[in-house]
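One file, my_file10.pdb, is given below (PDB, C-alpha atoms, pLDDT in the B column).
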```
ATOM      1  CA  MET A1048     -52.836  25.371   9.472  1.00 81.00           C
ATOM      2  CA  GLN A1049     -51.944  21.821   8.505  1.00 92.00           C
ATOM      3  CA  GLU A1050     -49.315  21.487  11.257  1.00 95.00           C
ATOM      4  CA  TYR A1051     -51.984  22.060  13.937  1.00 98.00           C
ATOM      5  CA  ILE A1052     -54.284  19.234  12.840  1.00 98.00           C
ATOM      6  CA  PRO A1053     -52.530  16.236  14.487  1.00 98.00           C
ATOM      7  CA  TYR A1054     -52.519  17.941  17.887  1.00 98.00           C
ATOM      8  CA  MET A1055     -56.098  19.154  17.528  1.00 98.00           C
ATOM      9  CA  ASN A1056     -57.058  15.553  16.731  1.00 98.00           C
ATOM     10  CA  GLU A1057     -55.481  14.597  20.059  1.00 98.00           C
ATOM     11  CA  ALA A1058     -57.576  17.270  21.801  1.00 98.00           C
ATOM     12  CA  ILE A1059     -60.655  15.866  20.039  1.00 98.00           C
ATOM     13  CA  ALA A1060     -59.741  12.384  21.322  1.00 98.00           C
ATOM     14  CA  GLU A1061     -59.680  13.860  24.837  1.00 98.00           C
ATOM     15  CA  ALA A1062     -63.098  15.434  24.231  1.00 98.00           C
ATOM     16  CA  ARG A1063     -64.430  12.004  23.229  1.00 98.00           C
ATOM     17  CA  LYS A1064     -63.272  10.665  26.617  1.00 98.00           C
ATOM     18  CA  ALA A1065     -65.362  13.351  28.306  1.00 98.00           C
ATOM     19  CA  GLU A1066     -68.332  12.513  26.085  1.00 97.00           C
ATOM     20  CA  ALA A1067     -68.083   8.824  27.076  1.00 97.00           C
ATOM     21  CA  LEU A1068     -68.499   9.951  30.700  1.00 97.00           C
ATOM     22  CA  LEU A1069     -71.535  12.083  29.734  1.00 95.00           C
ATOM     23  CA  GLU A1070     -69.433  15.196  30.286  1.00 97.00           C
ATOM     24  CA  VAL A1071     -69.543  18.136  27.875  1.00 97.00           C
ATOM     25  CA  PRO A1072     -67.067  17.013  25.186  1.00 98.00           C
ATOM     26  CA  ILE A1073     -64.171  19.421  25.547  1.00 98.00           C
ATOM     27  CA  GLY A1074     -60.566  18.278  25.298  1.00 98.00           C
ATOM     28  CA  ALA A1075     -57.145  19.864  25.518  1.00 99.00           C
ATOM     29  CA  VAL A1076     -53.486  18.995  25.088  1.00 99.00           C
ATOM     30  CA  VAL A1077     -50.312  20.904  25.920  1.00 98.00           C
ATOM     31  CA  VAL A1078     -47.431  20.467  23.483  1.00 98.00           C
ATOM     32  CA  TRP A1079     -43.757  21.107  24.258  1.00 98.00           C
ATOM     33  CA  ASN A1080     -40.986  20.385  21.744  1.00 97.00           C
ATOM     34  CA  GLN A1081     -43.544  18.651  19.495  1.00 97.00           C
ATOM     35  CA  GLN A1082     -44.439  16.258  22.316  1.00 98.00           C
ATOM     36  CA  ILE A1083     -47.724  16.121  24.256  1.00 98.00           C
ATOM     37  CA  ILE A1084     -46.908  16.672  27.931  1.00 98.00           C
ATOM     38  CA  GLY A1085     -50.392  17.420  29.245  1.00 98.00           C
ATOM     39  CA  ARG A1086     -53.819  16.038  28.448  1.00 98.00           C
ATOM     40  CA  GLY A1087     -57.200  16.919  29.831  1.00 98.00           C
ATOM     41  CA  HIS A1088     -60.874  16.539  29.224  1.00 98.00           C
ATOM     42  CA  ASN A1089     -63.858  18.041  30.943  1.00 98.00           C
ATOM     43  CA  LEU A1090     -64.541  16.324  34.311  1.00 98.00           C
ATOM     44  CA  ARG A1091     -66.788  18.813  36.119  1.00 97.00           C
ATOM     45  CA  GLU A1092     -69.744  16.447  36.549  1.00 97.00           C
ATOM     46  CA  THR A1093     -67.639  13.381  37.359  1.00 97.00           C
ATOM     47  CA  THR A1094     -65.545  15.111  40.018  1.00 98.00           C
ATOM     48  CA  MET A1095     -68.181  17.654  41.111  1.00 98.00           C
ATOM     49  CA  ASP A1096     -65.422  20.229  40.683  1.00 98.00           C
ATOM     50  CA  PRO A1097     -66.093  23.541  38.918  1.00 97.00           C
ATOM     51  CA  LEU A1098     -62.351  23.816  38.206  1.00 98.00           C
ATOM     52  CA  ALA A1099     -62.124  20.505  36.306  1.00 98.00           C
ATOM     53  CA  HIS A1100     -61.984  22.087  32.850  1.00 98.00           C
ATOM     54  CA  ALA A1101     -59.972  20.348  30.134  1.00 98.00           C
ATOM     55  CA  GLU A1102     -57.460  23.195  29.878  1.00 98.00           C
ATOM     56  CA  LEU A1103     -56.761  23.346  33.612  1.00 98.00           C
ATOM     57  CA  ILE A1104     -56.184  19.597  33.819  1.00 98.00           C
ATOM     58  CA  ALA A1105     -53.819  19.675  30.815  1.00 98.00           C
ATOM     59  CA  ILE A1106     -51.946  22.716  32.170  1.00 98.00           C
ATOM     60  CA  LYS A1107     -51.481  21.036  35.555  1.00 98.00           C
ATOM     61  CA  GLN A1108     -50.117  17.879  33.910  1.00 98.00           C
ATOM     62  CA  ALA A1109     -47.729  19.917  31.769  1.00 98.00           C
ATOM     63  CA  SER A1110     -46.504  21.872  34.794  1.00 98.00           C
ATOM     64  CA  ASP A1111     -45.924  18.622  36.669  1.00 98.00           C
ATOM     65  CA  TYR A1112     -44.016  17.222  33.699  1.00 98.00           C
ATOM     66  CA  LEU A1113     -41.778  20.274  33.331  1.00 98.00           C
ATOM     67  CA  GLN A1114     -41.585  20.891  37.084  1.00 98.00           C
ATOM     68  CA  ALA A1115     -42.371  24.535  36.380  1.00 98.00           C
ATOM     69  CA  TRP A1116     -45.361  26.843  36.535  1.00 98.00           C
ATOM     70  CA  ARG A1117     -44.157  28.810  33.527  1.00 98.00           C
ATOM     71  CA  LEU A1118     -45.024  26.956  30.328  1.00 98.00           C
ATOM     72  CA  LEU A1119     -42.997  29.331  28.173  1.00 96.00           C
ATOM     73  CA  ASP A1120     -42.275  27.057  25.209  1.00 96.00           C
ATOM     74  CA  CYS A1121     -45.648  25.317  25.054  1.00 98.00           C
ATOM     75  CA  GLN A1122     -48.779  25.439  22.944  1.00 98.00           C
ATOM     76  CA  LEU A1123     -52.249  24.653  24.230  1.00 98.00           C
ATOM     77  CA  TYR A1124     -54.711  23.003  21.850  1.00 98.00           C
ATOM     78  CA  VAL A1125     -58.350  22.989  22.945  1.00 98.00           C
ATOM     79  CA  THR A1126     -61.533  22.051  21.131  1.00 98.00           C
ATOM     80  CA  LEU A1127     -63.542  25.007  22.493  1.00 98.00           C
ATOM     81  CA  GLU A1128     -62.508  28.630  22.975  1.00 98.00           C
ATOM     82  CA  PRO A1129     -61.302  29.119  26.572  1.00 98.00           C
ATOM     83  CA  CYS A1130     -63.639  30.541  29.216  1.00 98.00           C
ATOM     84  CA  PRO A1131     -62.571  33.401  31.550  1.00 98.00           C
ATOM     85  CA  MET A1132     -61.169  31.022  34.179  1.00 98.00           C
ATOM     86  CA  CYS A1133     -59.126  29.039  31.669  1.00 98.00           C
ATOM     87  CA  ALA A1134     -57.988  32.184  29.858  1.00 98.00           C
ATOM     88  CA  GLY A1135     -56.731  33.481  33.206  1.00 98.00           C
ATOM     89  CA  ALA A1136     -54.839  30.247  33.843  1.00 98.00           C
ATOM     90  CA  ILE A1137     -53.316  30.406  30.357  1.00 98.00           C
ATOM     91  CA  VAL A1138     -52.062  33.941  30.971  1.00 98.00           C
ATOM     92  CA  GLN A1139     -50.803  33.048  34.460  1.00 98.00           C
ATOM     93  CA  SER A1140     -48.913  29.992  33.185  1.00 98.00           C
ATOM     94  CA  ARG A1141     -47.319  32.118  30.432  1.00 98.00           C
ATOM     95  CA  ILE A1142     -48.369  29.808  27.593  1.00 98.00           C
ATOM     96  CA  PRO A1143     -47.355  31.698  24.438  1.00 98.00           C
ATOM     97  CA  GLN A1144     -49.833  30.151  21.980  1.00 98.00           C
ATOM     98  CA  VAL A1145     -53.389  28.791  22.094  1.00 98.00           C
ATOM     99  CA  ILE A1146     -54.956  26.959  19.188  1.00 98.00           C
ATOM    100  CA  TYR A1147     -58.662  26.258  19.487  1.00 98.00           C
ATOM    101  CA  GLY A1148     -61.331  24.614  17.388  1.00 98.00           C
ATOM    102  CA  THR A1149     -64.623  26.435  17.755  1.00 98.00           C
ATOM    103  CA  THR A1150     -65.847  29.639  19.349  1.00 98.00           C
ATOM    104  CA  ASP A1151     -67.877  29.752  22.556  1.00 98.00           C
ATOM    105  CA  PRO A1152     -70.659  32.352  22.207  1.00 96.00           C
ATOM    106  CA  LYS A1153     -71.580  32.010  25.905  1.00 96.00           C
ATOM    107  CA  ALA A1154     -68.177  32.186  27.618  1.00 97.00           C
ATOM    108  CA  GLY A1155     -65.441  32.657  24.998  1.00 98.00           C
ATOM    109  CA  CYS A1156     -62.590  34.832  26.237  1.00 98.00           C
ATOM    110  CA  ALA A1157     -60.191  34.501  23.305  1.00 97.00           C
ATOM    111  CA  GLY A1158     -62.060  37.034  21.197  1.00 96.00           C
ATOM    112  CA  THR A1159     -65.759  36.138  21.184  1.00 97.00           C
ATOM    113  CA  LEU A1160     -67.127  37.854  24.321  1.00 97.00           C
ATOM    114  CA  MET A1161     -63.822  39.448  25.256  1.00 97.00           C
ATOM    115  CA  ASN A1162     -60.166  38.768  24.654  1.00 97.00           C
ATOM    116  CA  LEU A1163     -58.397  38.103  27.950  1.00 97.00           C
ATOM    117  CA  LEU A1164     -55.590  36.282  26.163  1.00 98.00           C
ATOM    118  CA  GLN A1165     -54.461  39.433  24.384  1.00 97.00           C
ATOM    119  CA  GLU A1166     -55.441  42.035  26.983  1.00 96.00           C
ATOM    120  CA  GLU A1167     -52.775  44.741  26.824  1.00 96.00           C
ATOM    121  CA  ARG A1168     -53.024  45.539  30.540  1.00 96.00           C
ATOM    122  CA  PHE A1169     -51.768  42.057  31.478  1.00 95.00           C
ATOM    123  CA  ASN A1170     -48.051  41.304  31.647  1.00 93.00           C
ATOM    124  CA  HIS A1171     -48.394  38.396  29.183  1.00 95.00           C
ATOM    125  CA  ARG A1172     -50.210  38.140  25.881  1.00 96.00           C
ATOM    126  CA  VAL A1173     -50.981  34.965  23.966  1.00 98.00           C
ATOM    127  CA  ASP A1174     -50.899  34.282  20.242  1.00 98.00           C
ATOM    128  CA  VAL A1175     -54.341  32.876  19.318  1.00 98.00           C
ATOM    129  CA  ILE A1176     -55.191  30.676  16.356  1.00 98.00           C
ATOM    130  CA  SER A1177     -58.846  29.765  15.937  1.00 98.00           C
ATOM    131  CA  GLY A1178     -60.909  27.550  13.682  1.00 98.00           C
ATOM    132  CA  VAL A1179     -58.636  24.479  13.533  1.00 98.00           C
ATOM    133  CA  LEU A1180     -60.964  21.533  12.747  1.00 98.00           C
ATOM    134  CA  GLN A1181     -63.781  23.916  13.612  1.00 98.00           C
ATOM    135  CA  GLU A1182     -66.538  21.863  12.001  1.00 98.00           C
ATOM    136  CA  GLU A1183     -65.632  18.689  13.894  1.00 98.00           C
ATOM    137  CA  CYS A1184     -65.243  20.496  17.220  1.00 98.00           C
ATOM    138  CA  SER A1185     -68.531  22.353  16.806  1.00 98.00           C
ATOM    139  CA  SER A1186     -70.436  19.300  15.608  1.00 98.00           C
ATOM    140  CA  MET A1187     -69.294  17.242  18.586  1.00 97.00           C
ATOM    141  CA  LEU A1188     -70.786  19.814  20.982  1.00 97.00           C
ATOM    142  CA  THR A1189     -73.978  20.264  18.965  1.00 96.00           C
ATOM    143  CA  GLN A1190     -74.599  16.512  18.811  1.00 96.00           C
ATOM    144  CA  PHE A1191     -73.905  16.107  22.542  1.00 96.00           C
ATOM    145  CA  PHE A1192     -76.448  18.752  23.547  1.00 94.00           C
ATOM    146  CA  ARG A1193     -78.972  17.461  21.019  1.00 92.00           C
ATOM    147  CA  LYS A1194     -78.761  13.968  22.575  1.00 90.00           C
ATOM    148  CA  LEU A1195     -78.928  15.445  26.072  1.00 84.00           C
ATOM    149  CA  ARG A1196     -82.096  17.397  25.273  1.00 87.00           C
ATOM    150  CA  GLY A1197     -83.616  14.313  23.624  1.00 84.00           C
ATOM    151  CA  LYS A1198     -83.264  12.383  26.887  1.00 65.00           C
ATOM    152  CA  SER A1199     -84.844  15.147  28.987  1.00 51.00           C
TER
END
```
What would you get if you wrote out this structure as structure tokens?
Amino acid sequence: MQEYIPYMNEAIAEARKAEALLEVPIGAVVVWNQQIIGRGHNLRETTMDPLAHAELIAIKQASDYLQAWRLLDCQLYVTLEPCPMCAGAIVQSRIPQVIYGTTDPKAGCAGTLMNLLQEERFNHRVDVISGVLQEECSSMLTQFFRKLRGKS
């Protein structure tokens, strides 16, 4: 588990960028050959784009970097369990491993509500590691929504 912490800290740093923009603090990084080649943080409110999830932004950057849609030798680190849309993109981009921080009881598709990443009917399955820096990832979201409700 220790080897995942530096990259998850980078995903957390991305989530903090989202939080500074009053976006839900979710961050992601794509790693290839122990190098970060894609970074993303939630930008749905800023861009008014329902597709501007941290994972999708990081995947797009990584694909641009590698000049390939198949991210076969990459790992995706994300602070929150991927939603159905992001899980679909992960499968489609052939990412072999996803490491995430905390579960998403409302939209989690890496095992919480369903497990699209390991669905046997798909032509690609993803190795999933959960709970890396779980407390920090969870706390960041809890604090964000607490502050948001306090302002309402």
Hey, could you make a per-residue contact list for segment 1075-1123 of chain A against segment 1133-1144 of chain A with 6 Å as the cut-off, showing the nearest pair of atoms and its distance in Å to one decimal, counting only C-alpha atoms, sorted by chain and number, as CSV?
```
residue,atom,partner,partner_atom,distance
A:Trp1116,CA,A:Ser1140,CA,5.8
A:Arg1117,CA,A:Ser1140,CA,4.9
A:Leu1118,CA,A:Ile1142,CA,5.2
A:Leu1119,CA,A:Ile1142,CA,5.4
A:Cys1121,CA,A:Ile1142,CA,5.8
A:Gln1122,CA,A:Gln1144,CA,4.9
```
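Ranking A:Phe1191, A:Glu1070, A:Tyr1051, A:Lys1064 by their shortest atom-to-atom distance to Gly1178 of chain A, with only C-alpha atoms included, puts A:Tyr1051 first.
Pairwise distance (atom CA of Asp1174 of chain A, atom CA of Trp1079 of chain A) equals 15.5 Å.
Note that the spacing between atom CA of Met1048 of chain A and atom CA of Tyr1124 of chain A amounts to 12.7 Å.
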### Task
Using the chain letters and numbers from the file, give me the residues hit by the PyMOL selection byres ((chain A and resi 1091) around 12), as a list in words.
Ala1065, Glu1066, Leu1068, Leu1069, Glu1070, Val1071, Pro1072, Ile1073, Gly1087, His1088, Asn1089, Leu1090, Glu1092, Thr1093, Thr1094, Met1095, Asp1096, Pro1097, Leu1098, Ala1099, His1100, Ala1101, Leu1103 and Ile1104 of chain A
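Between atom CA of Ser1186 of chain A and atom CA of Thr1126 of chain A the separation is 10.8 Å.
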Can you tell me, as lines of an AutoDock Vina configuration file, the centre and edge lengths (Å, one decimal) of the axis-aligned box enclosing all of segment 1068-1072 of chain A's listed atoms after padding each side by 8 Å?
```
center_x = -69.3
center_y = 14.0
center_z = 27.9
size_x = 20.5
size_y = 24.2
size_z = 21.5
```
### the PyMOL selection byres ((chain A and resi 1159) around 12) applied to the shown file, residues as a PyMOL selection string
chain A and resi 1127-1131+1149-1158+1160-1164+1177
How would the residues just picked look written out with C-alpha atoms as a CSV table (one decimal), keeping the file's coordinate frame?
```
chain,number,residue,atom,x,y,z
A,1127,LEU,CA,-63.5,25.0,22.5
A,1128,GLU,CA,-62.5,28.6,23.0
A,1129,PRO,CA,-61.3,29.1,26.6
A,1130,CYS,CA,-63.6,30.5,29.2
A,1131,PRO,CA,-62.6,33.4,31.6
A,1149,THR,CA,-64.6,26.4,17.8
A,1150,THR,CA,-65.8,29.6,19.3
A,1151,ASP,CA,-67.9,29.8,22.6
A,1152,PRO,CA,-70.7,32.4,22.2
A,1153,LYS,CA,-71.6,32.0,25.9
A,1154,ALA,CA,-68.2,32.2,27.6
A,1155,GLY,CA,-65.4,32.7,25.0
A,1156,CYS,CA,-62.6,34.8,26.2
A,1157,ALA,CA,-60.2,34.5,23.3
A,1158,GLY,CA,-62.1,37.0,21.2
A,1160,LEU,CA,-67.1,37.9,24.3
A,1161,MET,CA,-63.8,39.4,25.3
A,1162,ASN,CA,-60.2,38.8,24.7
A,1163,LEU,CA,-58.4,38.1,28.0
A,1164,LEU,CA,-55.6,36.3,26.2
A,1177,SER,CA,-58.8,29.8,15.9
```
### Task
Pick out the closest residue to Leu1113 of chain A from this set: A:Val1078, A:Ile1146, A:Val1179, A:Met1055. Count all atoms listed in the file.
A:Val1078
### Task
I would like the residues chosen by the PyMOL selection byres ((chain A and resi 1057) around 9) on the shown file; could you give them as a list in words?
Ile1052, Pro1053, Tyr1054, Met1055, Asn1056, Ala1058, Ile1059, Ala1060, Glu1061, Ala1062, Gly1074, Ala1075, Val1076, Ile1083, Arg1086 and Tyr1124 of chain A
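Checking A:Met1187, A:Glu1167, A:Gln1082, A:Val1077 one by one against Ser1110 of chain A, counting only C-alpha atoms, you find the shortest gap at A:Val1077.
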